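Listing of run-v5.cif, mmCIF, C-alpha atoms
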data_upload
#
loop_
_atom_site.label_atom_id
_atom_site.label_comp_id
_atom_site.auth_asym_id
_atom_site.auth_seq_id
_atom_site.Cartn_x
_atom_site.Cartn_y
_atom_site.Cartn_z
CA MET A 1 33.01 -107.98 149.57
CA ASN A 2 32.08 -104.31 149.66
CA TRP A 3 30.35 -103.48 146.38
CA LYS A 4 30.28 -99.73 147.20
CA PHE A 5 33.86 -99.27 146.20
CA TRP A 6 33.07 -95.84 144.75
CA SER A 7 32.02 -94.53 148.15
CA LYS A 8 34.57 -92.22 149.75
CA LYS A 9 33.20 -93.10 153.12
CA ASN A 10 33.73 -96.78 152.51
CA LYS A 11 37.33 -96.16 151.42
CA THR A 12 38.14 -94.34 154.59
CA THR A 13 36.24 -96.64 156.87
CA THR A 14 37.38 -99.95 155.40
CA ALA A 15 38.17 -102.25 158.26
CA LYS A 16 41.79 -102.79 158.98
CA LYS A 17 43.16 -106.22 158.13
CA LYS A 18 43.20 -108.54 161.05
CA LYS A 19 46.62 -109.25 162.43
CA LYS A 20 47.68 -112.90 162.02
CA SER A 21 47.81 -114.93 165.17
CA GLN A 22 51.16 -116.32 166.30
CA THR A 23 49.98 -119.84 165.46
CA ARG A 24 49.02 -118.78 161.94
CA GLU A 25 52.39 -117.11 161.45
CA TRP A 26 54.17 -120.31 162.51
CA VAL A 27 52.01 -122.44 160.18
CA ASP A 28 52.67 -120.10 157.25
CA ALA A 29 56.40 -120.11 157.97
CA ILE A 30 56.52 -123.91 158.16
CA ILE A 31 54.56 -124.32 154.92
CA PHE A 32 56.85 -121.85 153.15
CA ALA A 33 59.96 -123.62 154.48
CA VAL A 34 58.70 -127.05 153.39
CA ILE A 35 57.85 -125.81 149.89
CA ALA A 36 61.17 -123.97 149.53
CA ALA A 37 63.20 -126.93 150.80
CA THR A 38 61.30 -129.36 148.54
CA LEU A 39 61.98 -127.21 145.48
CA ILE A 40 65.68 -126.87 146.38
CA ARG A 41 66.02 -130.63 146.88
CA ALA A 42 64.16 -131.42 143.67
CA PHE A 43 65.81 -128.96 141.31
CA PHE A 44 69.08 -127.66 142.78
CA ILE A 45 70.99 -129.53 145.48
CA GLU A 46 70.40 -132.33 147.98
CA ALA A 47 72.33 -133.90 150.84
CA TYR A 48 73.20 -137.61 150.86
CA THR A 49 75.03 -139.97 153.20
CA ILE A 50 77.43 -142.77 152.25
CA PRO A 51 76.04 -145.93 153.93
CA THR A 52 78.30 -148.66 152.44
CA PRO A 53 82.01 -149.08 151.63
CA SER A 54 81.50 -149.56 147.87
CA MET A 55 83.31 -146.30 147.02
CA GLU A 56 86.21 -146.61 149.48
CA ARG A 57 88.72 -145.20 149.67
CA SER A 58 87.41 -142.33 147.57
CA LEU A 59 84.31 -141.96 149.75
CA LEU A 60 84.01 -143.40 153.24
CA VAL A 61 81.07 -144.72 155.22
CA GLY A 62 79.79 -141.72 157.15
CA ASP A 63 80.66 -139.10 154.55
CA PHE A 64 77.87 -136.53 154.07
CA LEU A 65 77.71 -135.14 150.54
CA PHE A 66 76.04 -132.40 148.60
CA VAL A 67 74.79 -133.61 145.22
CA SER A 68 74.01 -131.17 142.43
CA LYS A 69 70.82 -131.62 140.42
CA VAL A 70 71.67 -128.79 138.02
CA ASN A 71 74.93 -130.19 136.61
CA TYR A 72 73.15 -132.80 134.50
CA GLY A 73 69.79 -131.03 134.59
CA ALA A 74 67.14 -131.77 137.22
CA ARG A 75 64.41 -134.27 136.46
CA THR A 76 60.87 -132.99 136.65
CA PRO A 77 58.84 -134.89 139.29
CA MET A 78 57.82 -138.34 138.07
CA THR A 79 55.88 -139.40 141.18
CA PRO A 80 54.48 -136.01 142.24
CA ILE A 81 52.38 -137.07 145.23
CA ALA A 82 54.80 -137.92 148.03
CA PHE A 83 55.50 -137.08 151.66
CA PRO A 84 58.03 -134.22 151.98
CA PHE A 85 61.64 -135.17 152.84
CA ALA A 86 60.92 -138.92 152.70
CA HIS A 87 62.30 -140.82 149.72
CA HIS A 88 60.38 -144.07 149.35
CA THR A 89 59.61 -145.20 152.90
CA MET A 90 58.09 -143.36 155.84
CA PRO A 91 60.31 -143.16 158.93
CA ILE A 92 59.33 -145.32 161.92
CA ILE A 93 56.09 -146.72 160.45
CA GLY A 94 57.80 -148.12 157.33
CA THR A 95 54.94 -147.56 154.88
CA LYS A 96 55.28 -146.12 151.37
CA ALA A 97 56.05 -142.41 151.37
CA TYR A 98 54.46 -141.83 147.96
CA TRP A 99 51.32 -142.59 145.97
CA ASP A 100 51.99 -144.22 142.61
CA GLY A 101 48.45 -143.68 141.34
CA ILE A 102 49.85 -140.79 139.30
CA GLU A 103 53.13 -141.25 137.43
CA LEU A 104 54.40 -138.64 134.97
CA ASN A 105 56.67 -139.17 131.96
CA TYR A 106 60.40 -138.57 132.25
CA HIS A 107 61.66 -135.08 131.41
CA ARG A 108 64.92 -133.37 132.31
CA LEU A 109 65.69 -129.67 132.48
CA PRO A 110 68.78 -128.37 130.64
CA GLY A 111 71.99 -128.94 132.60
CA PHE A 112 75.57 -127.69 132.54
CA SER A 113 76.94 -130.89 130.99
CA ASP A 114 76.30 -134.54 130.22
CA VAL A 115 77.49 -137.32 132.51
CA LYS A 116 81.20 -137.79 131.87
CA LYS A 117 83.50 -140.74 132.43
CA GLY A 118 85.07 -140.40 135.87
CA ASP A 119 82.15 -138.47 137.39
CA VAL A 120 80.86 -139.67 140.76
CA VAL A 121 77.13 -139.98 140.15
CA VAL A 122 74.03 -140.56 142.29
CA PHE A 123 71.36 -142.59 140.51
CA ASN A 124 68.30 -144.70 141.27
CA TYR A 125 69.01 -148.43 141.63
CA PRO A 126 67.54 -149.99 138.45
CA MET A 127 66.79 -153.40 139.97
CA GLU A 128 64.05 -152.01 142.21
CA ALA A 129 61.81 -152.04 139.15
CA ASP A 130 61.45 -155.73 140.01
CA SER A 131 59.78 -157.75 142.76
CA PRO A 132 59.32 -157.22 145.64
CA PHE A 133 59.59 -153.43 145.27
CA PHE A 134 58.11 -152.43 141.89
CA ARG A 135 59.00 -148.85 142.75
CA PRO A 136 58.64 -145.92 140.31
CA VAL A 137 61.95 -144.74 138.81
CA ASP A 138 62.43 -141.71 141.07
CA LYS A 139 61.51 -143.66 144.21
CA ARG A 140 64.08 -146.40 143.75
CA GLU A 141 66.98 -146.49 146.21
CA ASN A 142 69.77 -143.96 145.66
CA TYR A 143 73.14 -145.45 144.73
CA ILE A 144 76.44 -143.67 144.25
CA LYS A 145 79.15 -144.97 141.91
CA ARG A 146 81.71 -143.72 139.43
CA CYS A 147 80.74 -143.52 135.77
CA GLN A 148 83.13 -145.74 133.80
CA GLY A 149 81.30 -145.77 130.48
CA THR A 150 78.99 -143.40 128.61
CA PRO A 151 76.51 -144.03 125.76
CA GLY A 152 78.13 -145.74 122.78
CA ASP A 153 81.31 -146.78 124.63
CA THR A 154 82.64 -150.32 124.57
CA ILE A 155 83.46 -151.38 128.13
CA SER A 156 85.56 -154.31 129.33
CA LEU A 157 87.65 -155.42 132.30
CA VAL A 158 90.91 -157.33 132.07
CA ASP A 159 92.43 -158.46 135.37
CA ALA A 160 90.45 -155.76 137.24
CA GLN A 161 91.63 -152.97 134.90
CA VAL A 162 88.79 -151.11 133.16
CA TYR A 163 89.15 -150.58 129.41
CA VAL A 164 87.00 -148.11 127.47
CA ASN A 165 87.03 -148.37 123.69
CA GLY A 166 90.14 -150.53 123.91
CA LYS A 167 92.15 -148.13 126.09
CA ALA A 168 92.94 -148.49 129.79
CA ALA A 169 90.77 -146.09 131.80
CA PRO A 170 92.35 -143.86 134.47
CA ASN A 171 92.17 -145.50 137.89
CA PRO A 172 90.66 -143.37 140.68
CA PRO A 173 93.18 -142.41 143.40
CA GLY A 174 91.07 -144.16 146.04
CA GLU A 175 90.48 -147.38 144.10
CA GLN A 176 91.09 -150.54 146.10
CA THR A 177 90.86 -154.30 145.61
CA ASP A 178 91.46 -157.48 147.58
CA TYR A 179 95.02 -158.75 148.03
CA VAL A 180 96.73 -161.90 149.26
CA ILE A 181 99.58 -161.25 151.71
CA THR A 182 102.20 -163.95 152.28
CA THR A 183 104.41 -163.46 155.33
CA THR A 184 107.51 -165.17 156.69
CA GLY A 185 105.34 -166.59 159.45
CA THR A 186 105.35 -163.55 161.69
CA ASP A 187 102.07 -161.71 162.27
CA LEU A 188 101.63 -158.27 160.75
CA ASN A 189 101.41 -155.26 163.02
CA PRO A 190 97.67 -154.39 163.32
CA GLN A 191 98.43 -150.72 163.99
CA ALA A 192 100.57 -150.52 160.85
CA LEU A 193 97.68 -151.96 158.83
CA ASP A 194 95.25 -149.48 160.39
CA ASP A 195 97.58 -146.62 159.56
CA LEU A 196 97.52 -147.75 155.91
CA HIS A 197 93.69 -147.99 156.02
CA ILE A 198 93.73 -151.70 155.19
CA ASN A 199 90.35 -153.34 155.75
CA ASN A 200 89.14 -156.88 156.51
CA TYR A 201 92.54 -158.26 157.35
CA GLU A 202 91.17 -160.57 160.04
CA GLY A 203 87.75 -161.22 158.43
CA GLY A 204 88.83 -162.05 154.88
CA PRO A 205 91.17 -160.98 152.08
CA PRO A 206 92.70 -157.63 153.01
CA THR A 207 91.40 -154.73 150.91
CA MET A 208 93.75 -151.87 150.06
CA THR A 209 94.87 -149.34 147.48
CA LYS A 210 97.92 -149.91 145.29
CA GLU A 211 99.85 -147.40 147.38
CA SER A 212 99.07 -149.31 150.59
CA ALA A 213 100.03 -152.57 148.89
CA ALA A 214 103.40 -151.09 147.95
CA ALA A 215 103.96 -150.04 151.57
CA VAL A 216 103.12 -153.55 152.86
CA ARG A 217 105.62 -155.09 150.42
CA ALA A 218 108.33 -153.12 152.22
CA PHE A 219 107.56 -154.80 155.57
CA SER A 220 110.45 -157.03 156.68
CA ASN A 221 108.15 -159.97 157.43
CA VAL A 222 106.27 -159.88 154.09
CA LYS A 223 107.31 -162.20 151.28
CA GLU A 224 104.64 -161.33 148.69
CA VAL A 225 101.62 -159.04 148.19
CA LYS A 226 99.48 -160.05 145.22
CA GLN A 227 96.14 -158.82 143.90
CA ASN A 228 93.38 -161.39 144.40
CA ILE A 229 92.14 -161.44 140.80
CA ALA A 230 89.45 -163.81 139.47
CA ILE A 231 90.69 -166.17 136.76
CA LYS A 232 89.88 -165.32 133.15
CA ASN A 233 87.00 -167.31 131.63
CA LEU A 234 85.85 -168.42 135.09
CA ARG A 235 82.10 -167.89 134.79
CA ASP A 236 80.31 -166.21 137.69
CA GLY A 237 76.55 -166.67 137.57
CA SER A 238 75.95 -163.49 139.57
CA ILE A 239 77.62 -161.34 136.90
CA PHE A 240 75.63 -159.57 134.16
CA PRO A 241 74.12 -160.74 131.85
CA ASN A 242 74.09 -164.21 133.41
CA SER A 243 72.37 -162.73 136.47
CA GLN A 244 69.50 -161.55 134.23
CA SER A 245 69.18 -164.61 131.99
CA THR A 246 67.70 -168.06 132.04
CA ALA A 247 69.96 -171.07 132.58
CA LYS A 248 70.28 -171.73 128.86
CA ASP A 249 71.54 -168.17 128.31
CA HIS A 250 74.50 -168.58 130.68
CA GLN A 251 77.01 -168.40 127.85
CA TYR A 252 79.25 -165.59 129.06
CA ASN A 253 82.37 -166.68 130.93
CA TRP A 254 82.68 -163.36 132.75
CA ASN A 255 83.45 -162.47 136.35
CA VAL A 256 84.03 -159.43 138.54
CA ASP A 257 87.61 -158.87 137.24
CA ASN A 258 87.37 -160.12 133.65
CA PHE A 259 84.31 -158.92 131.79
CA GLY A 260 83.10 -157.96 128.33
CA PRO A 261 83.51 -156.33 125.92
CA VAL A 262 80.01 -154.83 125.94
CA ILE A 263 78.65 -151.88 123.96
CA ILE A 264 76.71 -149.42 126.14
CA PRO A 265 73.40 -148.48 124.44
CA LYS A 266 73.09 -144.99 122.99
CA LYS A 267 69.89 -143.20 122.02
CA GLY A 268 69.29 -143.91 118.33
CA TRP A 269 71.72 -146.86 118.20
CA THR A 270 70.35 -149.97 116.51
CA VAL A 271 71.53 -153.35 117.76
CA LYS A 272 71.14 -156.60 115.87
CA LEU A 273 69.24 -159.07 118.04
CA ASP A 274 70.38 -162.67 118.20
CA SER A 275 71.27 -165.30 120.77
CA LEU A 276 74.44 -163.40 121.74
CA THR A 277 73.05 -159.88 122.12
CA LEU A 278 69.57 -160.65 123.45
CA PRO A 279 70.73 -161.61 126.98
CA ILE A 280 72.67 -158.33 127.22
CA TYR A 281 69.99 -155.95 125.96
CA ARG A 282 66.72 -157.69 126.82
CA ARG A 283 66.24 -155.87 130.12
CA SER A 284 66.85 -152.45 128.59
CA ILE A 285 64.35 -153.17 125.82
CA THR A 286 61.63 -154.51 128.12
CA VAL A 287 61.95 -153.11 131.65
CA TYR A 288 63.50 -149.70 130.96
CA GLU A 289 61.94 -148.90 127.59
CA GLY A 290 58.60 -150.62 128.17
CA ASN A 291 58.39 -153.08 125.27
CA LYS A 292 57.03 -156.60 125.21
CA LEU A 293 59.65 -159.00 123.88
CA GLU A 294 58.99 -162.64 123.07
CA VAL A 295 61.11 -165.39 121.56
CA VAL A 296 58.97 -167.83 119.57
CA GLY A 297 61.07 -170.60 118.10
CA ASN A 298 63.82 -168.81 116.17
CA ASP A 299 61.82 -165.60 115.88
CA ILE A 300 62.07 -162.48 118.06
CA LEU A 301 58.88 -160.47 118.49
CA ILE A 302 58.80 -156.95 119.94
CA ASN A 303 55.27 -155.72 120.69
CA GLY A 304 53.94 -158.54 118.54
CA LYS A 305 56.05 -157.71 115.47
CA LYS A 306 58.79 -159.96 114.18
CA THR A 307 62.18 -158.21 114.14
CA ASP A 308 65.90 -158.85 114.19
CA SER A 309 66.98 -155.45 115.57
CA TYR A 310 66.07 -152.75 118.06
CA THR A 311 66.74 -148.99 118.17
CA PHE A 312 67.21 -147.57 121.67
CA LYS A 313 65.15 -144.63 122.89
CA MET A 314 67.42 -143.67 125.81
CA ASN A 315 71.07 -143.26 126.68
CA TYR A 316 72.66 -145.65 129.18
CA TYR A 317 75.68 -145.60 131.49
CA TRP A 318 78.09 -148.04 133.14
CA MET A 319 78.62 -147.42 136.86
CA MET A 320 81.21 -149.04 139.14
CA GLY A 321 82.35 -148.63 142.72
CA ASP A 322 85.95 -147.69 143.48
CA ASN A 323 86.09 -150.53 146.02
CA ARG A 324 86.17 -153.05 143.19
CA HIS A 325 85.70 -156.24 145.21
CA ASP A 326 82.99 -154.87 147.50
CA SER A 327 80.60 -153.06 145.19
CA LEU A 328 77.22 -154.06 143.77
CA ASP A 329 77.37 -152.24 140.45
CA SER A 330 76.91 -152.55 136.68
CA ARG A 331 79.01 -155.70 136.59
CA PHE A 332 76.15 -157.43 138.41
CA TRP A 333 73.01 -155.81 136.97
CA GLY A 334 74.01 -153.99 133.80
CA PHE A 335 73.24 -150.57 132.40
CA VAL A 336 71.88 -147.47 134.16
CA PRO A 337 69.23 -145.69 132.03
CA GLU A 338 69.43 -141.91 131.70
CA ASP A 339 66.08 -141.43 133.45
CA HIS A 340 67.64 -142.96 136.60
CA ILE A 341 70.38 -140.31 136.86
CA VAL A 342 69.84 -138.09 139.93
CA GLY A 343 72.87 -135.80 140.08
CA LYS A 344 76.60 -135.24 140.43
CA ALA A 345 78.38 -135.53 143.78
CA LEU A 346 80.13 -132.21 144.50
CA PHE A 347 81.81 -132.18 147.91
CA ILE A 348 81.85 -133.66 151.40
CA TRP A 349 80.45 -131.23 153.98
CA MET A 350 80.72 -133.58 157.00
CA SER A 351 82.33 -136.93 157.73
CA TRP A 352 81.49 -139.05 160.78
CA ASP A 353 83.32 -142.19 161.91
CA ASP A 354 81.09 -144.38 164.09
CA ASN A 355 84.00 -146.64 165.00
CA ALA A 356 86.25 -143.89 166.34
CA SER A 357 86.51 -142.64 169.88
CA PHE A 358 84.18 -139.84 170.99
CA PHE A 359 86.69 -137.04 170.38
CA SER A 360 87.77 -138.44 167.00
CA LYS A 361 84.42 -139.16 165.40
CA ILE A 362 84.54 -136.14 163.10
CA ARG A 363 87.05 -136.67 160.27
CA TRP A 364 88.17 -133.04 160.15
CA SER A 365 90.49 -133.57 157.18
CA ARG A 366 87.56 -134.59 154.99
CA LEU A 367 85.31 -131.59 155.65
CA PHE A 368 84.50 -129.54 152.54
CA ARG A 369 86.66 -131.80 150.39
CA GLY A 370 85.80 -131.91 146.70
CA ILE A 371 84.88 -135.25 145.12
CA HIS A 372 87.04 -136.39 142.22
#
Using structure tokens, write down the structure from this file.
Amino acid sequence: MNWKFWSKKNKTTTAKKKKKSQTREWVDAIIFAVIAATLIRAFFIEAYTIPTPSMERSLLVGDFLFVSKVNYGARTPMTPIAFPFAHHTMPIIGTKAYWDGIELNYHRLPGFSDVKKGDVVVFNYPMEADSPFFRPVDKRENYIKRCQGTPGDTISLVDAQVYVNGKAAPNPPGEQTDYVITTTGTDLNPQALDDLHINNYEGGPPTMTKESAAAVRAFSNVKEVKQNIAIKNLRDGSIFPNSQSTAKDHQYNWNVDNFGPVIIPKKGWTVKLDSLTLPIYRRSITVYEGNKLEVVGNDILINGKKTDSYTFKMNYYWMMGDNRHDSLDSRFWGFVPEDHIVGKALFIWMSWDDNASFFSKIRWSRLFRGIH
């Protein structure tokens, strides 16, 4: 540093700044791009890919989406030390892409709206709080489903129809389920089934929308097309809350098509705890809200204090896939806490069909299509 700043000579003879080398310019540009892209992904918008058929036929495998972080308000970083552009696992080497030695509390910036019923939402998979992953909230796998229930709603399913607060919920245009097709003995035309986007015909129960089912009923060699619906009161041990409970708690005769009713927790709502409600809300109380819950004889203890109720600290949501018989969703593992919400799916910017011929791999009709 030149301490003779008052000297006129020194002002006029100050050495010119050295010009940056080309390497330095490239390094600075890369650092700036990484920081800018990281901030955009964290707080504004991020690209995602649909890897599974759980949202068909609303979203297809190979759809590339833009997901808005600002609609619901972006979360501030919860696991701040992480490798740029990697979610939870490093490419190729497969190691963790983050350091969980520092974890920050959940905070969310103001957004345009709350999560609404019918929104297609990206969220972190809640079950990765468990073994073998034990991942922090924001490093759990990204899932995409449709919100069917919001905080305080009562959700149920009757013969695959979703009911919210006792009223039938609107069915998404692309919703599909499994069907049983009975023919006169003549095989169905495979090309006709492909044209109707009917899946799994040869590998299992055919999956289709109601519109496709109506078209199949019109085939001359079809006697009956019937939804393959699970029987009421037929208990499925993989369905929530049985999937989260001990054997003695398996008291809910629910399945993938007939479920509930269940009240979705709302911040500030107090639930009475007993043998009926505890299996449903135990995970939210312990895993998501960080309390220690014990049952000693007939007594329920939360953080060492005897109680018969609990007041929730967070809002929760009920998420389901539009492909109702091929979706791992809230019917299997329960509620999605508000701190797991990532963003709202906006539109498809690219769609790629791996099974199509080379010149048909891009689904041109799906490009820049809004998500509803």
At a cut-off of 12 Å, can you tabulate as a Markdown table every residue of range 33-90 of chain A near range 187-202 of chain A together with its closest atom pair and the distance in Å to one decimal, using all atoms listed in the file and ordering rows by chain then number?
| residue | atom | partner | partner_atom | distance |
| --- | --- | --- | --- | --- |
| A:Pro53 | CA | A:Asn199 | CA | 10.2 |
| A:Glu56 | CA | A:His197 | CA | 10.0 |
| A:Arg57 | CA | A:His197 | CA | 8.5 |
| A:Ser58 | CA | A:His197 | CA | 12.0 |
| A:Leu60 | CA | A:His197 | CA | 11.1 |
Selection near Met320 in chain A, 12 Å with all atoms listed in the file, sequence-local residues under 5 positions removed, as a PyMOL selection string: chain A and resi 54-56+117-123+143-149+155-157+160-162+171-172+175+256-257+325-336
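Between CA of Gly166 in chain A and CA of Asp153 in chain A the separation is 9.6 Å.
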Given the point (82.7, -133.6, 153.2) in the coordinates of this file, which residues lie within 7 Å, counting all atoms listed in the file, and how would they look as JSON, numbers by chain? {"A": [63, 64, 65, 347, 348, 349, 350, 351, 366, 367, 368, 369]}
Take the PyMOL selection byres ((chain A and resi 154) around 7), run it mentally on this structure, and tell me the resulting residues as a list of chain:residue names.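 Listing what the PyMOL selection byres ((chain A and resi 154) around 7) selects in the shown file: A:Gly152, A:Asp153, A:Ile155, A:Ser156, A:Val164, A:Asn165, A:Pro261, A:Val262, A:Ile263, A:Ile264.
The space separating CA of Val216 in chain A from CA of Thr183 in chain A comes to 10.3 Å.
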For CA of Lys20 in chain A and CA of Pro84 in chain A, determine how far apart the two atoms are, in Å to one decimal place. 25.7 Å
List the residues matched by the PyMOL selection byres ((chain A and resi 68) around 12) in the displayed structure as a PDB file with C-alpha atoms, in the frame of the given file, ordered by chain and then by residue number.
ATOM      1  CA  ILE A  40      65.680-126.870 146.380  1.00  0.00           C
ATOM      2  CA  ARG A  41      66.020-130.630 146.880  1.00  0.00           C
ATOM      3  CA  ALA A  42      64.160-131.420 143.670  1.00  0.00           C
ATOM      4  CA  PHE A  43      65.810-128.960 141.310  1.00  0.00           C
ATOM      5  CA  PHE A  44      69.080-127.660 142.780  1.00  0.00           C
ATOM      6  CA  ILE A  45      70.990-129.530 145.480  1.00  0.00           C
ATOM      7  CA  GLU A  46      70.400-132.330 147.980  1.00  0.00           C
ATOM      8  CA  ALA A  47      72.330-133.900 150.840  1.00  0.00           C
ATOM      9  CA  TYR A  48      73.200-137.610 150.860  1.00  0.00           C
ATOM     10  CA  LEU A  65      77.710-135.140 150.540  1.00  0.00           C
ATOM     11  CA  PHE A  66      76.040-132.400 148.600  1.00  0.00           C
ATOM     12  CA  VAL A  67      74.790-133.610 145.220  1.00  0.00           C
ATOM     13  CA  LYS A  69      70.820-131.620 140.420  1.00  0.00           C
ATOM     14  CA  VAL A  70      71.670-128.790 138.020  1.00  0.00           C
ATOM     15  CA  ASN A  71      74.930-130.190 136.610  1.00  0.00           C
ATOM     16  CA  TYR A  72      73.150-132.800 134.500  1.00  0.00           C
ATOM     17  CA  GLY A  73      69.790-131.030 134.590  1.00  0.00           C
ATOM     18  CA  ALA A  74      67.140-131.770 137.220  1.00  0.00           C
ATOM     19  CA  ARG A  75      64.410-134.270 136.460  1.00  0.00           C
ATOM     20  CA  GLY A 111      71.990-128.940 132.600  1.00  0.00           C
ATOM     21  CA  PHE A 112      75.570-127.690 132.540  1.00  0.00           C
ATOM     22  CA  SER A 113      76.940-130.890 130.990  1.00  0.00           C
ATOM     23  CA  VAL A 120      80.860-139.670 140.760  1.00  0.00           C
ATOM     24  CA  VAL A 121      77.130-139.980 140.150  1.00  0.00           C
ATOM     25  CA  VAL A 122      74.030-140.560 142.290  1.00  0.00           C
ATOM     26  CA  PHE A 123      71.360-142.590 140.510  1.00  0.00           C
ATOM     27  CA  ILE A 341      70.380-140.310 136.860  1.00  0.00           C
ATOM     28  CA  VAL A 342      69.840-138.090 139.930  1.00  0.00           C
ATOM     29  CA  GLY A 343      72.870-135.800 140.080  1.00  0.00           C
ATOM     30  CA  LYS A 344      76.600-135.240 140.430  1.00  0.00           C
ATOM     31  CA  ALA A 345      78.380-135.530 143.780  1.00  0.00           C
ATOM     32  CA  LEU A 346      80.130-132.210 144.500  1.00  0.00           C
ATOM     33  CA  PHE A 347      81.810-132.180 147.910  1.00  0.00           C
ATOM     34  CA  ILE A 371      84.880-135.250 145.120  1.00  0.00           C
TER      35      ILE A 371
END
Find the residue from A:Ile181, A:Ile102, A:Met208, A:Leu278 that sits nearest to Asn221 in chain A; use all atoms listed in the file when measuring.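 Comparing A:Ile181, A:Ile102, A:Met208, A:Leu278 against Asn221 in chain A, the winner is A:Ile181.
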Given the PyMOL selection byres ((chain A and resi 312) around 9), the residues it picks as a VMD selection string: chain A and resid 265 to 271 284 to 285 289 310 to 311 313 to 315
Starting from the structure just given, write a file holding range 62-67 of chain A with all heavy atoms, as a PDB file, in the first residue's frame.
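Written output follows (result-v1.pdb):
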ATOM      1  N   GLY A  62     -39.533 -39.317 -18.751  1.00  0.00           N
ATOM      2  CA  GLY A  62     -38.782 -38.591 -19.760  1.00  0.00           C
ATOM      3  C   GLY A  62     -39.205 -37.150 -19.935  1.00  0.00           C
ATOM      4  O   GLY A  62     -38.597 -36.422 -20.726  1.00  0.00           O
ATOM      5  N   ASP A  63     -40.236 -36.716 -19.218  1.00  0.00           N
ATOM      6  CA  ASP A  63     -40.593 -35.300 -19.226  1.00  0.00           C
ATOM      7  C   ASP A  63     -39.567 -34.508 -18.409  1.00  0.00           C
ATOM      8  O   ASP A  63     -39.192 -34.923 -17.303  1.00  0.00           O
ATOM      9  CB  ASP A  63     -41.983 -35.074 -18.613  1.00  0.00           C
ATOM     10  CG  ASP A  63     -43.115 -35.408 -19.579  1.00  0.00           C
ATOM     11  OD1 ASP A  63     -42.830 -35.632 -20.771  1.00  0.00           O
ATOM     12  OD2 ASP A  63     -44.275 -35.450 -19.127  1.00  0.00           O
ATOM     13  N   PHE A  64     -39.135 -33.379 -18.934  1.00  0.00           N
ATOM     14  CA  PHE A  64     -38.226 -32.479 -18.227  1.00  0.00           C
ATOM     15  C   PHE A  64     -39.024 -31.243 -17.809  1.00  0.00           C
ATOM     16  O   PHE A  64     -39.639 -30.591 -18.664  1.00  0.00           O
ATOM     17  CB  PHE A  64     -37.051 -32.080 -19.117  1.00  0.00           C
ATOM     18  CG  PHE A  64     -36.119 -33.220 -19.435  1.00  0.00           C
ATOM     19  CD1 PHE A  64     -36.448 -34.165 -20.407  1.00  0.00           C
ATOM     20  CD2 PHE A  64     -34.914 -33.360 -18.761  1.00  0.00           C
ATOM     21  CE1 PHE A  64     -35.601 -35.216 -20.703  1.00  0.00           C
ATOM     22  CE2 PHE A  64     -34.044 -34.404 -19.052  1.00  0.00           C
ATOM     23  CZ  PHE A  64     -34.391 -35.342 -20.022  1.00  0.00           C
ATOM     24  N   LEU A  65     -39.004 -30.940 -16.518  1.00  0.00           N
ATOM     25  CA  LEU A  65     -39.854 -29.886 -15.976  1.00  0.00           C
ATOM     26  C   LEU A  65     -39.038 -28.734 -15.426  1.00  0.00           C
ATOM     27  O   LEU A  65     -37.893 -28.899 -15.015  1.00  0.00           O
ATOM     28  CB  LEU A  65     -40.715 -30.427 -14.825  1.00  0.00           C
ATOM     29  CG  LEU A  65     -41.323 -31.813 -14.929  1.00  0.00           C
ATOM     30  CD1 LEU A  65     -42.025 -32.149 -13.637  1.00  0.00           C
ATOM     31  CD2 LEU A  65     -42.269 -31.886 -16.108  1.00  0.00           C
ATOM     32  N   PHE A  66     -39.679 -27.574 -15.374  1.00  0.00           N
ATOM     33  CA  PHE A  66     -39.190 -26.475 -14.562  1.00  0.00           C
ATOM     34  C   PHE A  66     -40.094 -26.373 -13.337  1.00  0.00           C
ATOM     35  O   PHE A  66     -41.328 -26.368 -13.466  1.00  0.00           O
ATOM     36  CB  PHE A  66     -39.185 -25.161 -15.336  1.00  0.00           C
ATOM     37  CG  PHE A  66     -37.954 -24.971 -16.177  1.00  0.00           C
ATOM     38  CD1 PHE A  66     -38.052 -24.631 -17.517  1.00  0.00           C
ATOM     39  CD2 PHE A  66     -36.690 -25.123 -15.623  1.00  0.00           C
ATOM     40  CE1 PHE A  66     -36.920 -24.451 -18.298  1.00  0.00           C
ATOM     41  CE2 PHE A  66     -35.551 -24.953 -16.395  1.00  0.00           C
ATOM     42  CZ  PHE A  66     -35.662 -24.621 -17.726  1.00  0.00           C
ATOM     43  N   VAL A  67     -39.457 -26.287 -12.180  1.00  0.00           N
ATOM     44  CA  VAL A  67     -40.177 -26.237 -10.904  1.00  0.00           C
ATOM     45  C   VAL A  67     -39.866 -24.915 -10.224  1.00  0.00           C
ATOM     46  O   VAL A  67     -38.696 -24.567 -10.029  1.00  0.00           O
ATOM     47  CB  VAL A  67     -39.784 -27.424 -10.009  1.00  0.00           C
ATOM     48  CG1 VAL A  67     -40.411 -27.299  -8.629  1.00  0.00           C
ATOM     49  CG2 VAL A  67     -40.201 -28.734 -10.664  1.00  0.00           C
TER      50      VAL A  67
END
